[in-house]
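To be precise, the following lines are final.pdb, and they hold PDB, C-alpha atoms.
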ATOM      1  CA  MET X   1       0.000   0.000   0.000
ATOM      2  CA  GLN X   2       2.788   2.429   0.863
ATOM      3  CA  TYR X   3       4.519   1.630  -2.432
ATOM      4  CA  LEU X   4       1.392   2.566  -4.395
ATOM      5  CA  ARG X   5       1.043   5.764  -2.371
ATOM      6  CA  ASP X   6       4.702   6.646  -3.056
ATOM      7  CA  VAL X   7       4.219   6.085  -6.804
ATOM      8  CA  GLN X   8       1.105   8.268  -6.822
ATOM      9  CA  VAL X   9       2.966  11.039  -4.970
ATOM     10  CA  MET X  10       5.842  10.835  -7.448
ATOM     11  CA  LEU X  11       3.500  11.003 -10.455
ATOM     12  CA  LEU X  12       1.556  13.950  -9.063
ATOM     13  CA  ASN X  13       4.718  15.822  -8.074
ATOM     14  CA  GLU X  14       6.195  15.296 -11.546
ATOM     15  CA  ALA X  15       2.955  16.671 -13.025
ATOM     16  CA  GLY X  16       3.343  19.848 -10.978
ATOM     17  CA  TYR X  17       1.076  19.172  -8.018
ATOM     18  CA  VAL X  18       2.112  19.764  -4.421
ATOM     19  CA  THR X  19       1.342  16.592  -2.499
ATOM     20  CA  THR X  20       1.312  15.478   1.101
ATOM     21  CA  ALA X  21       1.220  11.755   1.854
ATOM     22  CA  LEU X  22      -0.077  10.805   5.268
ATOM     23  CA  GLY X  23       0.114   7.512   7.103
ATOM     24  CA  SER X  24      -3.470   7.218   8.291
ATOM     25  CA  ALA X  25      -6.978   8.520   7.798
ATOM     26  CA  ARG X  26      -6.998   9.790  11.381
ATOM     27  CA  GLU X  27      -3.876  11.861  10.750
ATOM     28  CA  ALA X  28      -5.441  13.251   7.577
ATOM     29  CA  LEU X  29      -8.589  14.358   9.436
ATOM     30  CA  ASP X  30      -6.495  15.967  12.166
ATOM     31  CA  ARG X  31      -4.335  17.872   9.668
ATOM     32  CA  LEU X  32      -7.030  18.996   7.206
ATOM     33  CA  PRO X  33      -7.266  22.583   8.510
ATOM     34  CA  GLU X  34      -3.488  22.983   8.367
ATOM     35  CA  LEU X  35      -3.095  21.420   4.913
ATOM     36  CA  ALA X  36      -6.195  22.936   3.256
ATOM     37  CA  PRO X  37      -6.032  20.475   0.334
ATOM     38  CA  ASP X  38      -7.530  21.061  -3.115
ATOM     39  CA  LEU X  39      -8.209  17.329  -3.486
ATOM     40  CA  ILE X  40      -7.940  14.119  -1.488
ATOM     41  CA  LEU X  41      -6.866  10.834  -3.053
ATOM     42  CA  LEU X  42      -7.458   7.789  -0.886
ATOM     43  CA  ASP X  43      -8.031   4.072  -1.038
ATOM     44  CA  VAL X  44     -11.285   2.464  -0.008
ATOM     45  CA  SER X  45      -9.328  -0.240   1.863
ATOM     46  CA  MET X  46      -7.136   1.257   4.562
ATOM     47  CA  PRO X  47      -6.177  -0.106   7.980
ATOM     48  CA  GLY X  48      -7.982   1.398  10.930
ATOM     49  CA  MET X  49     -10.479   3.775   9.357
ATOM     50  CA  ASP X  50     -11.350   2.787   5.788
ATOM     51  CA  GLY X  51     -11.923   5.224   2.941
ATOM     52  CA  ARG X  52     -15.703   5.223   3.318
ATOM     53  CA  GLN X  53     -15.491   5.982   7.045
ATOM     54  CA  PHE X  54     -12.980   8.752   6.335
ATOM     55  CA  LEU X  55     -15.241  10.247   3.691
ATOM     56  CA  ALA X  56     -18.278  10.153   6.012
ATOM     57  CA  ARG X  57     -16.328  12.061   8.670
ATOM     58  CA  LEU X  58     -14.981  14.490   6.083
ATOM     59  CA  ARG X  59     -18.450  15.203   4.677
ATOM     60  CA  SER X  60     -19.892  15.716   8.174
ATOM     61  CA  ARG X  61     -17.896  18.943   8.385
ATOM     62  CA  PRO X  62     -19.528  21.797   6.445
ATOM     63  CA  GLU X  63     -16.185  23.267   5.361
ATOM     64  CA  TRP X  64     -15.148  20.005   3.644
ATOM     65  CA  GLN X  65     -18.437  18.959   2.019
ATOM     66  CA  GLN X  66     -17.434  20.215  -1.446
ATOM     67  CA  LEU X  67     -13.771  19.098  -1.362
ATOM     68  CA  PRO X  68     -13.064  16.811  -4.352
ATOM     69  CA  VAL X  69     -12.204  13.252  -3.320
ATOM     70  CA  ILE X  70     -10.949  10.397  -5.461
ATOM     71  CA  LEU X  71     -11.396   6.941  -3.982
ATOM     72  CA  THR X  72      -9.333   4.145  -5.477
ATOM     73  CA  THR X  73     -10.791   0.663  -5.304
ATOM     74  CA  GLY X  74     -10.732  -2.807  -6.731
ATOM     75  CA  ARG X  75     -14.504  -3.104  -6.160
ATOM     76  CA  SER X  76     -17.282  -2.218  -8.566
ATOM     77  CA  VAL X  77     -16.835   1.458  -9.423
ATOM     78  CA  GLU X  78     -20.565   2.097  -9.706
ATOM     79  CA  ASP X  79     -21.240   0.727  -6.207
ATOM     80  CA  VAL X  80     -18.485   2.770  -4.589
ATOM     81  CA  ALA X  81     -19.353   5.998  -6.447
ATOM     82  CA  ARG X  82     -23.043   5.697  -5.607
ATOM     83  CA  GLU X  83     -22.376   4.876  -1.938
ATOM     84  CA  ASN X  84     -19.894   7.705  -1.418
ATOM     85  CA  ARG X  85     -20.888  10.467  -3.855
ATOM     86  CA  CYS X  86     -17.359  11.027  -5.085
ATOM     87  CA  ASP X  87     -15.106  10.217  -8.010
ATOM     88  CA  VAL X  88     -13.767   6.678  -8.130
ATOM     89  CA  LEU X  89     -10.649   5.397  -9.854
ATOM     90  CA  PRO X  90     -10.720   1.609 -10.376
ATOM     91  CA  LYS X  91      -7.571  -0.377  -9.632
ATOM     92  CA  PRO X  92      -5.336  -1.086 -11.321
ATOM     93  CA  PHE X  93      -5.180   2.341 -12.934
ATOM     94  CA  SER X  94      -2.696   3.961 -15.262
ATOM     95  CA  GLU X  95      -0.695   7.128 -14.771
ATOM     96  CA  VAL X  96      -2.779   8.726 -17.531
ATOM     97  CA  ALA X  97      -6.077   7.808 -15.837
ATOM     98  CA  LEU X  98      -4.918   9.252 -12.505
ATOM     99  CA  LEU X  99      -3.613  12.493 -13.989
ATOM    100  CA  ASP X 100      -6.648  12.953 -16.263
ATOM    101  CA  LEU X 101      -9.034  12.645 -13.328
ATOM    102  CA  VAL X 102      -6.984  14.998 -11.125
ATOM    103  CA  ARG X 103      -6.807  17.576 -13.940
ATOM    104  CA  ARG X 104     -10.548  17.323 -14.503
ATOM    105  CA  LEU X 105     -11.241  17.955 -10.821
ATOM    106  CA  ILE X 106      -8.692  20.678  -9.974
ATOM    107  CA  GLY X 107      -6.916  21.728 -13.160
ATOM    108  CA  SER X 108      -3.238  21.493 -14.036
ATOM    109  CA  GLY X 109      -0.433  21.387 -11.507
ATOM    110  CA  SER X 110       1.127  24.750 -10.782
ATOM    111  CA  ASN X 111       4.576  23.989  -9.437
ATOM    112  CA  VAL X 112       6.074  22.615 -12.645
ATOM    113  CA  ALA X 113       9.770  23.515 -12.847
ATOM    114  CA  SER X 114      10.836  25.513 -15.888
TER     115      SER X 114
END
Step by step, read the file and then write its structure as structure tokens.
Amino acid sequence: MQYLRDVQVMLLNEAGYVTTALGSAREALDRLPELAPDLILLDVSMPGMDGRQFLARLRSRPEWQQLPVILTTGRSVEDVARENRCDVLPKPFSEVALLDLVRRLIGSGSNVAS
């Protein structure tokens, strides 16, 4: 799981996005005000608090109800999207699929080196 997260961070950084990878859903919820993310990318299956539980807690806060979230999953995309009202990226996914979805949700990365 950490390897996949590291690859996603590398891809997003290379595409010009500023990323922060966190070790747990609980840490992410605690640090949301400090980080003020434009988008959250998370897996449905995580130890401790899973992606659906995280999303329910996130959406219970008025200030985070409209924050774009991409859930990655090996389950049926339609089921997960309907249950969680968010964008879903089925696994395995390609670099192109990840970057296309991120661009559609928040635009192009802005920290691309010249």
Exercise. Expressed in Å to a single decimal, how great is the separation between CA of Arg57 (chain X) and CA of Arg104 (chain X)?
Worked result: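 CA of Arg57 (chain X) sits 24.5 Å away from CA of Arg104 (chain X).
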Problem set entry | Residue nearest Asp50 (chain X) among X:Ala21, X:Leu35, X:Leu12, X:Leu71 (counting all atoms listed in the file) |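 Smallest distance to Asp50 (chain X) is found for X:Leu71.
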Problem set entry | Contact residues around region 7-10 of chain X with all atoms listed in the file at 8 Å, ignoring same-chain residues under 2 positions, as an MDAnalysis selection string | chainID X and resid 3:5 12:14 19:21
Problem set entry | Ground truth for the PyMOL selection byres ((chain X and resi 36) around 12), written as a list in words | Val18, Thr19, Thr20, Ala28, Leu29, Asp30, Arg31, Leu32, Pro33, Glu34, Leu35, Pro37, Asp38, Leu39, Ile40, Glu63, Trp64, Leu67 and Pro68 of chain X
For the residues in that selection, give me C-alpha atoms as a tab-separated table (two decimals), in the coordinates of the input.
chain	number	residue	atom	x	y	z
X	18	VAL	CA	2.11	19.76	-4.42
X	19	THR	CA	1.34	16.59	-2.50
X	20	THR	CA	1.31	15.48	1.10
X	28	ALA	CA	-5.44	13.25	7.58
X	29	LEU	CA	-8.59	14.36	9.44
X	30	ASP	CA	-6.50	15.97	12.17
X	31	ARG	CA	-4.34	17.87	9.67
X	32	LEU	CA	-7.03	19.00	7.21
X	33	PRO	CA	-7.27	22.58	8.51
X	34	GLU	CA	-3.49	22.98	8.37
X	35	LEU	CA	-3.10	21.42	4.91
X	37	PRO	CA	-6.03	20.48	0.33
X	38	ASP	CA	-7.53	21.06	-3.12
X	39	LEU	CA	-8.21	17.33	-3.49
X	40	ILE	CA	-7.94	14.12	-1.49
X	63	GLU	CA	-16.18	23.27	5.36
X	64	TRP	CA	-15.15	20.00	3.64
X	67	LEU	CA	-13.77	19.10	-1.36
X	68	PRO	CA	-13.06	16.81	-4.35
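Atom pair CA of Arg75 (chain X) / CA of Pro62 (chain X) has a distance of 28.4 Å (rounded to one decimal).
Atom pair CA of Leu101 (chain X) / CA of Arg85 (chain X): separated by 15.3 Å.
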Problem set entry | Reference answer for the PyMOL selection byres ((chain X and resi 73) around 6), as an MDAnalysis selection string | chainID X and resid 44 72 74:75 90:91
Could you dump the residues just selected with C-alpha atoms as a PDB file, keeping the file's coordinate frame?
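Written file, selection-v9.pdb:
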ATOM      1  CA  VAL X  44     -11.285   2.464  -0.008  1.00  0.00           C
ATOM      2  CA  THR X  72      -9.333   4.145  -5.477  1.00  0.00           C
ATOM      3  CA  GLY X  74     -10.732  -2.807  -6.731  1.00  0.00           C
ATOM      4  CA  ARG X  75     -14.504  -3.104  -6.160  1.00  0.00           C
ATOM      5  CA  PRO X  90     -10.720   1.609 -10.376  1.00  0.00           C
ATOM      6  CA  LYS X  91      -7.571  -0.377  -9.632  1.00  0.00           C
TER       7      LYS X  91
END
Exercise. Contacts of Gln65 (chain X) at 10 Å or less, counting only C-alpha atoms, minus same-chain residues fewer than 5 places along, as a list in words?
Worked result: Leu55, Ala56, Arg57, Leu58, Arg59 and Ser60 of chain X
Exercise. From the list X:Tyr17, X:Val102, X:Val88, X:Leu11, which residue is nearest Arg52 (chain X) when using only C-alpha atoms?
Worked result: X:Val88
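For the residues X:Gly107, X:Gln2, X:Gly48, X:Asp43, ranking by smallest atom-to-atom distance to Ser24 (chain X) using all atoms listed in the file places X:Gly48 first.
The smallest atom-to-atom distance between Arg26 (chain X) and any of X:Leu41, X:Val69, X:Leu105, X:Met46, using all atoms listed in the file, is found for X:Met46.
Considering the residues X:Ala25, X:Ile70, X:Gln53, X:Cys86 and counting all atoms listed in the file, Leu98 (chain X) has its shortest atom-to-atom contact with X:Ile70.
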Copy region 42-53 of chain X out of the block into a file, keeping C-alpha atoms, as a PDB file, in the first residue's frame.
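What follows is the written file result.pdb:
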ATOM      1  CA  LEU X  42      -7.458   7.789  -0.886  1.00  0.00           C
ATOM      2  CA  ASP X  43      -8.031   4.072  -1.038  1.00  0.00           C
ATOM      3  CA  VAL X  44     -11.285   2.464  -0.008  1.00  0.00           C
ATOM      4  CA  SER X  45      -9.328  -0.240   1.863  1.00  0.00           C
ATOM      5  CA  MET X  46      -7.136   1.257   4.562  1.00  0.00           C
ATOM      6  CA  PRO X  47      -6.177  -0.106   7.980  1.00  0.00           C
ATOM      7  CA  GLY X  48      -7.982   1.398  10.930  1.00  0.00           C
ATOM      8  CA  MET X  49     -10.479   3.775   9.357  1.00  0.00           C
ATOM      9  CA  ASP X  50     -11.350   2.787   5.788  1.00  0.00           C
ATOM     10  CA  GLY X  51     -11.923   5.224   2.941  1.00  0.00           C
ATOM     11  CA  ARG X  52     -15.703   5.223   3.318  1.00  0.00           C
ATOM     12  CA  GLN X  53     -15.491   5.982   7.045  1.00  0.00           C
TER      13      GLN X  53
END
